[in-house]
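*Asks:* Got a structure here, written out as structure tokens. Questions coming.
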Amino acid sequence: MPNPTPSPKPRAKSRKSFWLKQIIMWHWMSSALSLIGLVLFAVTGFTLNHAADIEGKAAVTEHAAQVPASLQPLIAPDDKPDSKKVLPPQLAAWVAKEFKVDTSGEAEWSFDTVYLPLARPGGDAWVSLDRETGEATSEDSDRGVIAYLNDLHKGRNSGGEWSWFIDVFAFACLVFALTGLVLLWLHAHNRKSTWPLVAGGFVIPAAIALVFIH
């Protein structure tokens, strides 16, 4: 008796299997990429929501020095309008060495003062140069690790590279969520609580916003 010819695999089933594998692959890849970021943003979401309760006292450090006489002509008062520009190279090198700061950013030049802001995540700092006397002063405040992580959450004073990271992280989270939604839809017939839970995830925050936030 001849062996029956196996029926060809339906094209639709093959296409469905292909897309299912793609969705699963993108789901686990995006989850792997966003895992640490999700933990960070979840924890800092809690700390930001309770910032008034857990914020520590800032540690402030002050320092004073005198601009060398040979460099004072670089900051001598003039009649130019207020502006923003980087420090001259020799002056920037002296400030960096004296105050242990990054002097690559723009300083604010007014008639009597050169002010170099040095804001960063979790803290703040500045260096001020008196254009008349050459007196140099600085202040550095450190608000601790929690404040540092909170500022990373908000992208505050974190630089362009961190801004790019947030964009990539947000895209990975979007892929993770959308592929997860597709997988929920594919398996919902075996899990009756799927759509009530999904609906709850939308209805609960929407109801709180409508009822309690004015």
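By order of appearance in the structure tokens: chains A, B, ..., then residues from 1 within every chain, and ligands from 1 in the order shown.
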If we count only C-alpha atoms, what is near region 36-45 of chain A at a cut-off of 9 Å, once residues fewer than 2 positions away on the same chain are taken out, given as a ChimeraX atom specification?
*Replies:* /A:32-34,47-50,146,149-153,166,169,173
*Asks:* Take the residues from that selection and put them in a file with all heavy atoms, as a compact mmCIF listing (two decimals), in the first residue's frame.
*Replies:*
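Result saved to result_38.txt:
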# COMPACT_ATOMS: atom_id res chain seq x y z
N ALA A 32 15.03 42.68 27.85
CA ALA A 32 16.41 42.60 28.32
C ALA A 32 17.06 43.98 28.29
O ALA A 32 17.78 44.37 29.22
CB ALA A 32 17.21 41.62 27.45
N LEU A 33 16.80 44.75 27.23
CA LEU A 33 17.38 46.09 27.10
C LEU A 33 16.84 47.06 28.16
O LEU A 33 17.57 47.91 28.66
CB LEU A 33 17.11 46.65 25.70
CG LEU A 33 17.98 46.14 24.56
CD1 LEU A 33 17.46 46.64 23.23
CD2 LEU A 33 19.43 46.58 24.76
N SER A 34 15.56 46.92 28.48
CA SER A 34 14.93 47.90 29.37
C SER A 34 14.86 47.45 30.82
O SER A 34 14.41 48.21 31.67
CB SER A 34 13.52 48.21 28.87
OG SER A 34 12.72 47.04 28.81
N THR A 47 10.82 57.27 44.93
CA THR A 47 11.56 58.25 45.72
C THR A 47 11.16 59.68 45.34
O THR A 47 11.12 60.56 46.21
CB THR A 47 13.07 58.07 45.54
OG1 THR A 47 13.42 58.14 44.14
CG2 THR A 47 13.53 56.73 46.09
N LEU A 48 10.85 59.93 44.08
CA LEU A 48 10.38 61.25 43.69
C LEU A 48 9.01 61.56 44.27
O LEU A 48 8.73 62.69 44.68
CB LEU A 48 10.33 61.36 42.16
CG LEU A 48 11.66 61.61 41.45
CD1 LEU A 48 11.51 61.43 39.95
CD2 LEU A 48 12.17 63.02 41.74
N ASN A 49 8.16 60.54 44.31
CA ASN A 49 6.82 60.73 44.87
C ASN A 49 6.86 61.03 46.36
O ASN A 49 5.93 61.63 46.91
CB ASN A 49 5.97 59.47 44.61
CG ASN A 49 4.49 59.73 44.75
OD1 ASN A 49 3.98 60.77 44.32
ND2 ASN A 49 3.78 58.80 45.35
N HIS A 50 7.95 60.61 47.03
CA HIS A 50 8.11 60.85 48.47
C HIS A 50 9.36 61.67 48.75
O HIS A 50 10.01 61.49 49.79
CB HIS A 50 8.17 59.51 49.21
CG HIS A 50 6.93 58.68 49.07
ND1 HIS A 50 5.84 58.83 49.89
CD2 HIS A 50 6.59 57.71 48.16
CE1 HIS A 50 4.88 57.98 49.52
NE2 HIS A 50 5.32 57.30 48.48
N ILE A 146 20.35 59.42 46.46
CA ILE A 146 18.94 59.41 46.06
C ILE A 146 18.63 60.60 45.17
O ILE A 146 17.95 60.48 44.15
CB ILE A 146 18.03 59.39 47.30
CG1 ILE A 146 18.18 58.05 48.04
CG2 ILE A 146 16.56 59.60 46.90
CD1 ILE A 146 17.36 57.95 49.30
N LEU A 149 20.03 59.91 41.70
CA LEU A 149 19.18 59.03 40.91
C LEU A 149 17.89 59.72 40.49
O LEU A 149 17.39 59.52 39.38
CB LEU A 149 18.88 57.75 41.69
CG LEU A 149 20.10 56.86 42.00
CD1 LEU A 149 19.68 55.68 42.88
CD2 LEU A 149 20.74 56.35 40.71
N ASN A 150 17.33 60.54 41.38
CA ASN A 150 16.11 61.29 41.03
C ASN A 150 16.36 62.22 39.85
O ASN A 150 15.51 62.35 38.95
CB ASN A 150 15.62 62.10 42.23
CG ASN A 150 14.96 61.23 43.29
OD1 ASN A 150 14.65 60.07 43.05
ND2 ASN A 150 14.75 61.80 44.46
N ASP A 151 17.51 62.88 39.84
CA ASP A 151 17.83 63.78 38.74
C ASP A 151 18.06 63.01 37.45
O ASP A 151 17.74 63.51 36.35
CB ASP A 151 19.06 64.62 39.08
CG ASP A 151 18.72 65.75 40.06
OD1 ASP A 151 17.52 66.02 40.27
OD2 ASP A 151 19.65 66.36 40.61
N LEU A 152 18.63 61.81 37.53
CA LEU A 152 18.75 60.98 36.33
C LEU A 152 17.38 60.62 35.79
O LEU A 152 17.16 60.59 34.57
CB LEU A 152 19.54 59.70 36.65
CG LEU A 152 21.04 59.83 36.92
CD1 LEU A 152 21.66 58.46 37.12
CD2 LEU A 152 21.75 60.58 35.80
N HIS A 153 16.43 60.34 36.68
CA HIS A 153 15.06 60.03 36.28
C HIS A 153 14.47 61.18 35.47
O HIS A 153 13.80 60.97 34.44
CB HIS A 153 14.20 59.78 37.52
CG HIS A 153 12.78 59.40 37.22
ND1 HIS A 153 12.28 58.14 37.47
CD2 HIS A 153 11.75 60.11 36.71
CE1 HIS A 153 11.02 58.09 37.11
NE2 HIS A 153 10.66 59.27 36.66
N ILE A 166 17.72 57.97 27.41
CA ILE A 166 16.30 57.99 27.79
C ILE A 166 15.43 57.75 26.56
O ILE A 166 14.43 57.01 26.63
CB ILE A 166 15.95 59.33 28.47
CG1 ILE A 166 16.61 59.41 29.85
CG2 ILE A 166 14.44 59.49 28.61
CD1 ILE A 166 16.36 60.72 30.58
N PHE A 169 15.78 54.07 25.69
CA PHE A 169 15.09 53.30 26.72
C PHE A 169 13.58 53.38 26.57
O PHE A 169 12.87 52.38 26.68
CB PHE A 169 15.51 53.81 28.10
CG PHE A 169 14.65 53.31 29.23
CD1 PHE A 169 14.71 51.99 29.63
CD2 PHE A 169 13.78 54.17 29.89
CE1 PHE A 169 13.91 51.53 30.66
CE2 PHE A 169 12.99 53.72 30.92
CZ PHE A 169 13.05 52.40 31.31
N CYS A 173 10.98 50.29 25.88
CA CYS A 173 9.81 50.04 26.73
C CYS A 173 8.54 49.98 25.89
O CYS A 173 7.64 49.17 26.16
CB CYS A 173 9.68 51.14 27.78
SG CYS A 173 10.91 51.04 29.10
*Asks:* Where in region 29-128 of chain A does DSSP assign strand (DSSP E), given as a ChimeraX atom specification?
*Replies:* /A:59-66,83-85,107-109,113-117,123-128
*Asks:* Please, could you write that set of residues out with N, CA and C atoms as a PDB file, in the first residue's frame?
*Replies:*
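New file out-v3.pdb:
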ATOM      1  N   ALA A  59      25.359  68.437  51.566  1.00  0.00           N
ATOM      2  CA  ALA A  59      26.692  68.725  52.092  1.00  0.00           C
ATOM      3  C   ALA A  59      27.316  69.818  51.238  1.00  0.00           C
ATOM      4  N   VAL A  60      27.652  70.939  51.865  1.00  0.00           N
ATOM      5  CA  VAL A  60      28.138  72.115  51.133  1.00  0.00           C
ATOM      6  C   VAL A  60      29.616  72.338  51.423  1.00  0.00           C
ATOM      7  N   THR A  61      30.384  72.526  50.353  1.00  0.00           N
ATOM      8  CA  THR A  61      31.815  72.813  50.472  1.00  0.00           C
ATOM      9  C   THR A  61      32.114  74.145  49.795  1.00  0.00           C
ATOM     10  N   GLU A  62      32.821  75.024  50.498  1.00  0.00           N
ATOM     11  CA  GLU A  62      33.181  76.324  49.948  1.00  0.00           C
ATOM     12  C   GLU A  62      34.700  76.448  49.830  1.00  0.00           C
ATOM     13  N   HIS A  63      35.121  77.247  48.864  1.00  0.00           N
ATOM     14  CA  HIS A  63      36.564  77.432  48.653  1.00  0.00           C
ATOM     15  C   HIS A  63      36.788  78.828  48.086  1.00  0.00           C
ATOM     16  N   ALA A  64      37.881  79.444  48.466  1.00  0.00           N
ATOM     17  CA  ALA A  64      38.232  80.778  47.978  1.00  0.00           C
ATOM     18  C   ALA A  64      39.689  80.807  47.550  1.00  0.00           C
ATOM     19  N   ALA A  65      39.973  81.621  46.551  1.00  0.00           N
ATOM     20  CA  ALA A  65      41.342  81.757  46.051  1.00  0.00           C
ATOM     21  C   ALA A  65      41.475  83.122  45.385  1.00  0.00           C
ATOM     22  N   GLN A  66      42.672  83.404  44.899  1.00  0.00           N
ATOM     23  CA  GLN A  66      42.935  84.666  44.224  1.00  0.00           C
ATOM     24  C   GLN A  66      43.471  84.384  42.827  1.00  0.00           C
ATOM     25  N   SER A  83      27.236  88.564  28.503  1.00  0.00           N
ATOM     26  CA  SER A  83      27.294  87.503  27.490  1.00  0.00           C
ATOM     27  C   SER A  83      27.617  86.175  28.142  1.00  0.00           C
ATOM     28  N   LYS A  84      27.534  85.124  27.343  1.00  0.00           N
ATOM     29  CA  LYS A  84      27.930  83.790  27.769  1.00  0.00           C
ATOM     30  C   LYS A  84      29.032  83.296  26.840  1.00  0.00           C
ATOM     31  N   LYS A  85      30.155  82.895  27.415  1.00  0.00           N
ATOM     32  CA  LYS A  85      31.260  82.367  26.622  1.00  0.00           C
ATOM     33  C   LYS A  85      32.178  81.566  27.536  1.00  0.00           C
ATOM     34  N   ALA A 107      30.599  80.294  30.684  1.00  0.00           N
ATOM     35  CA  ALA A 107      30.463  81.124  31.871  1.00  0.00           C
ATOM     36  C   ALA A 107      29.607  82.340  31.522  1.00  0.00           C
ATOM     37  N   GLU A 108      29.007  82.920  32.555  1.00  0.00           N
ATOM     38  CA  GLU A 108      28.179  84.110  32.378  1.00  0.00           C
ATOM     39  C   GLU A 108      29.026  85.337  32.737  1.00  0.00           C
ATOM     40  N   TRP A 109      29.261  86.197  31.737  1.00  0.00           N
ATOM     41  CA  TRP A 109      30.101  87.373  31.906  1.00  0.00           C
ATOM     42  C   TRP A 109      29.224  88.607  32.069  1.00  0.00           C
ATOM     43  N   THR A 113      31.390  90.478  37.272  1.00  0.00           N
ATOM     44  CA  THR A 113      31.574  89.085  37.697  1.00  0.00           C
ATOM     45  C   THR A 113      31.623  88.142  36.496  1.00  0.00           C
ATOM     46  N   VAL A 114      32.457  87.112  36.627  1.00  0.00           N
ATOM     47  CA  VAL A 114      32.412  85.964  35.715  1.00  0.00           C
ATOM     48  C   VAL A 114      31.901  84.794  36.538  1.00  0.00           C
ATOM     49  N   TYR A 115      30.745  84.265  36.142  1.00  0.00           N
ATOM     50  CA  TYR A 115      30.081  83.220  36.928  1.00  0.00           C
ATOM     51  C   TYR A 115      30.020  81.941  36.102  1.00  0.00           C
ATOM     52  N   LEU A 116      30.624  80.880  36.627  1.00  0.00           N
ATOM     53  CA  LEU A 116      30.660  79.587  35.929  1.00  0.00           C
ATOM     54  C   LEU A 116      29.735  78.606  36.648  1.00  0.00           C
ATOM     55  N   PRO A 117      28.538  78.320  36.085  1.00  0.00           N
ATOM     56  CA  PRO A 117      27.631  77.363  36.722  1.00  0.00           C
ATOM     57  C   PRO A 117      28.088  75.931  36.449  1.00  0.00           C
ATOM     58  N   GLY A 123      23.381  67.395  42.665  1.00  0.00           N
ATOM     59  CA  GLY A 123      24.144  68.453  43.305  1.00  0.00           C
ATOM     60  C   GLY A 123      24.232  69.694  42.450  1.00  0.00           C
ATOM     61  N   ASP A 124      24.925  70.668  42.965  1.00  0.00           N
ATOM     62  CA  ASP A 124      25.089  71.933  42.258  1.00  0.00           C
ATOM     63  C   ASP A 124      26.435  72.532  42.675  1.00  0.00           C
ATOM     64  N   ALA A 125      27.005  73.334  41.794  1.00  0.00           N
ATOM     65  CA  ALA A 125      28.270  73.988  42.112  1.00  0.00           C
ATOM     66  C   ALA A 125      28.421  75.208  41.220  1.00  0.00           C
ATOM     67  N   TRP A 126      29.288  76.118  41.643  1.00  0.00           N
ATOM     68  CA  TRP A 126      29.590  77.289  40.837  1.00  0.00           C
ATOM     69  C   TRP A 126      30.938  77.863  41.248  1.00  0.00           C
ATOM     70  N   VAL A 127      31.520  78.597  40.318  1.00  0.00           N
ATOM     71  CA  VAL A 127      32.743  79.355  40.587  1.00  0.00           C
ATOM     72  C   VAL A 127      32.473  80.783  40.144  1.00  0.00           C
ATOM     73  N   SER A 128      32.804  81.738  41.003  1.00  0.00           N
ATOM     74  CA  SER A 128      32.583  83.146  40.701  1.00  0.00           C
ATOM     75  C   SER A 128      33.910  83.897  40.768  1.00  0.00           C
TER      76      SER A 128
END
*Asks:* With only C-alpha atoms as the counted atoms, please give the residues lying no more than 7 Å from region 70-77 of chain A, apart from itself and same-chain residues fewer than 2 positions off, as an mmCIF file with N, CA, C and O atoms, in the first residue's frame.
*Replies:*
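The new file out19.cif reads:
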data_model
loop_
_atom_site.group_PDB
_atom_site.id
_atom_site.type_symbol
_atom_site.label_atom_id
_atom_site.label_comp_id
_atom_site.auth_asym_id
_atom_site.auth_seq_id
_atom_site.Cartn_x
_atom_site.Cartn_y
_atom_site.Cartn_z
ATOM 1 N N VAL A 67 42.835 84.985 41.838
ATOM 2 C CA VAL A 67 43.310 84.810 40.469
ATOM 3 C C VAL A 67 44.710 85.414 40.364
ATOM 4 O O VAL A 67 44.931 86.555 40.800
ATOM 5 N N PRO A 68 45.695 84.677 39.834
ATOM 6 C CA PRO A 68 47.056 85.218 39.700
ATOM 7 C C PRO A 68 47.061 86.533 38.924
ATOM 8 O O PRO A 68 46.263 86.739 38.009
ATOM 9 N N LEU A 91 43.065 80.796 31.810
ATOM 10 C CA LEU A 91 42.225 80.992 32.990
ATOM 11 C C LEU A 91 41.457 79.716 33.313
ATOM 12 O O LEU A 91 41.335 79.325 34.480
ATOM 13 N N PHE A 111 29.259 92.765 34.035
ATOM 14 C CA PHE A 111 30.223 93.857 34.185
ATOM 15 C C PHE A 111 31.249 93.578 35.275
ATOM 16 O O PHE A 111 32.440 93.849 35.108
ATOM 17 N N ASP A 112 30.778 93.033 36.398
ATOM 18 C CA ASP A 112 31.687 92.894 37.544
ATOM 19 C C ASP A 112 32.029 91.462 37.915
ATOM 20 O O ASP A 112 32.869 91.232 38.786
ATOM 21 N N ARG A 131 35.734 90.504 38.704
ATOM 22 C CA ARG A 131 36.536 91.072 37.619
ATOM 23 C C ARG A 131 37.374 92.264 38.065
ATOM 24 O O ARG A 131 38.346 92.622 37.392
ATOM 25 N N GLU A 132 37.013 92.851 39.165
ATOM 26 C CA GLU A 132 37.754 94.023 39.656
ATOM 27 C C GLU A 132 38.919 93.620 40.559
ATOM 28 O O GLU A 132 40.049 94.074 40.392
ATOM 29 N N GLY A 134 39.796 90.207 41.339
ATOM 30 C CA GLY A 134 40.408 88.906 41.065
ATOM 31 C C GLY A 134 40.088 87.858 42.113
ATOM 32 O O GLY A 134 40.621 86.736 42.066
#
*Asks:* Which value, in Å to one decimal, gives the distance between CA of Phe176 (chain A) and CA of Ser30 (chain A)?
*Replies:*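 These atoms are spaced 5.2 Å apart.
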*Asks:* Could you pull out the helix (DSSP H, G or I) residues of region 119-169 of chain A, going by DSSP on the backbone, and write them as a list in words?
*Replies:* Val145, Ile146, Ala147, Tyr148, Leu149, Asn150, Asp151, Leu152, His153, Lys154, Gly159, Gly160, Glu161, Trp162, Ser163, Trp164, Phe165, Ile166, Asp167, Val168 and Phe169 of chain A
*Asks:* Could the residues in this selection be written to a file with N, CA, C and O atoms, as an mmCIF file, in the first residue's frame?
*Replies:*
data_model
loop_
_atom_site.group_PDB
_atom_site.id
_atom_site.type_symbol
_atom_site.label_atom_id
_atom_site.label_comp_id
_atom_site.auth_asym_id
_atom_site.auth_seq_id
_atom_site.Cartn_x
_atom_site.Cartn_y
_atom_site.Cartn_z
ATOM 1 N N VAL A 145 22.998 60.258 47.085
ATOM 2 C CA VAL A 145 22.751 59.272 46.024
ATOM 3 C C VAL A 145 21.309 59.309 45.546
ATOM 4 O O VAL A 145 21.036 59.235 44.343
ATOM 5 N N ILE A 146 20.352 59.417 46.462
ATOM 6 C CA ILE A 146 18.939 59.409 46.064
ATOM 7 C C ILE A 146 18.634 60.601 45.173
ATOM 8 O O ILE A 146 17.949 60.478 44.148
ATOM 9 N N ALA A 147 19.146 61.775 45.538
ATOM 10 C CA ALA A 147 18.945 62.964 44.713
ATOM 11 C C ALA A 147 19.608 62.787 43.345
ATOM 12 O O ALA A 147 19.069 63.233 42.317
ATOM 13 N N TYR A 148 20.761 62.134 43.325
ATOM 14 C CA TYR A 148 21.453 61.860 42.066
ATOM 15 C C TYR A 148 20.585 60.992 41.148
ATOM 16 O O TYR A 148 20.388 61.302 39.967
ATOM 17 N N LEU A 149 20.029 59.914 41.703
ATOM 18 C CA LEU A 149 19.182 59.028 40.906
ATOM 19 C C LEU A 149 17.886 59.717 40.494
ATOM 20 O O LEU A 149 17.392 59.515 39.375
ATOM 21 N N ASN A 150 17.327 60.543 41.378
ATOM 22 C CA ASN A 150 16.112 61.287 41.030
ATOM 23 C C ASN A 150 16.357 62.224 39.848
ATOM 24 O O ASN A 150 15.514 62.353 38.954
ATOM 25 N N ASP A 151 17.513 62.875 39.844
ATOM 26 C CA ASP A 151 17.828 63.779 38.743
ATOM 27 C C ASP A 151 18.065 63.010 37.447
ATOM 28 O O ASP A 151 17.738 63.505 36.353
ATOM 29 N N LEU A 152 18.629 61.809 37.529
ATOM 30 C CA LEU A 152 18.751 60.979 36.326
ATOM 31 C C LEU A 152 17.375 60.617 35.790
ATOM 32 O O LEU A 152 17.155 60.586 34.572
ATOM 33 N N HIS A 153 16.431 60.341 36.680
ATOM 34 C CA HIS A 153 15.058 60.031 36.278
ATOM 35 C C HIS A 153 14.473 61.184 35.469
ATOM 36 O O HIS A 153 13.805 60.971 34.439
ATOM 37 N N LYS A 154 14.722 62.416 35.915
ATOM 38 C CA LYS A 154 14.169 63.593 35.252
ATOM 39 C C LYS A 154 15.039 64.090 34.100
ATOM 40 O O LYS A 154 14.617 64.979 33.355
ATOM 41 N N GLY A 159 23.250 65.854 30.686
ATOM 42 C CA GLY A 159 24.013 65.830 29.438
ATOM 43 C C GLY A 159 23.281 65.173 28.282
ATOM 44 O O GLY A 159 22.262 64.490 28.445
ATOM 45 N N GLY A 160 23.827 65.393 27.096
ATOM 46 C CA GLY A 160 23.199 64.884 25.880
ATOM 47 C C GLY A 160 23.207 63.372 25.772
ATOM 48 O O GLY A 160 22.260 62.772 25.243
ATOM 49 N N GLU A 161 24.275 62.731 26.266
ATOM 50 C CA GLU A 161 24.356 61.265 26.159
ATOM 51 C C GLU A 161 23.241 60.606 26.964
ATOM 52 O O GLU A 161 22.631 59.628 26.508
ATOM 53 N N TRP A 162 22.984 61.132 28.164
ATOM 54 C CA TRP A 162 21.904 60.554 28.976
ATOM 55 C C TRP A 162 20.549 60.816 28.331
ATOM 56 O O TRP A 162 19.649 59.978 28.406
ATOM 57 N N SER A 163 20.392 61.958 27.686
ATOM 58 C CA SER A 163 19.143 62.255 26.975
ATOM 59 C C SER A 163 18.905 61.243 25.863
ATOM 60 O O SER A 163 17.771 60.773 25.668
ATOM 61 N N TRP A 164 19.961 60.886 25.144
ATOM 62 C CA TRP A 164 19.848 59.856 24.105
ATOM 63 C C TRP A 164 19.474 58.513 24.721
ATOM 64 O O TRP A 164 18.649 57.778 24.172
ATOM 65 N N PHE A 165 20.078 58.185 25.868
ATOM 66 C CA PHE A 165 19.752 56.933 26.531
ATOM 67 C C PHE A 165 18.269 56.873 26.888
ATOM 68 O O PHE A 165 17.618 55.839 26.700
ATOM 69 N N ILE A 166 17.722 57.966 27.413
ATOM 70 C CA ILE A 166 16.305 57.993 27.788
ATOM 71 C C ILE A 166 15.434 57.748 26.562
ATOM 72 O O ILE A 166 14.430 57.015 26.628
ATOM 73 N N ASP A 167 15.800 58.342 25.416
ATOM 74 C CA ASP A 167 15.024 58.127 24.189
ATOM 75 C C ASP A 167 15.054 56.656 23.773
ATOM 76 O O ASP A 167 14.022 56.070 23.422
ATOM 77 N N VAL A 168 16.251 56.055 23.788
ATOM 78 C CA VAL A 168 16.377 54.642 23.398
ATOM 79 C C VAL A 168 15.639 53.755 24.393
ATOM 80 O O VAL A 168 14.938 52.809 24.006
ATOM 81 N N PHE A 169 15.779 54.066 25.687
ATOM 82 C CA PHE A 169 15.093 53.296 26.720
ATOM 83 C C PHE A 169 13.576 53.382 26.565
ATOM 84 O O PHE A 169 12.866 52.382 26.675
#
*Asks:* CA of Pro88 (chain A) and CA of Glu106 (chain A), how far apart in Å?
*Replies:*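 Between CA of Glu106 (chain A) and CA of Pro88 (chain A) the gap works out to 10.6 Å.
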*Asks:* Between CA of Phe18 (chain A) and CA of Val182 (chain A), what is the distance, to one decimal in Å?
*Replies:*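 So the answer is 14.1 Å.
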*Asks:* Nearest residue to Val101 (chain A) out of A:Leu87, A:Val198, A:Ile213, A:Leu118, using only C-alpha atoms?
*Replies:*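 When distances to Val101 (chain A) are compared using only C-alpha atoms, the smallest one comes from A:Leu118.
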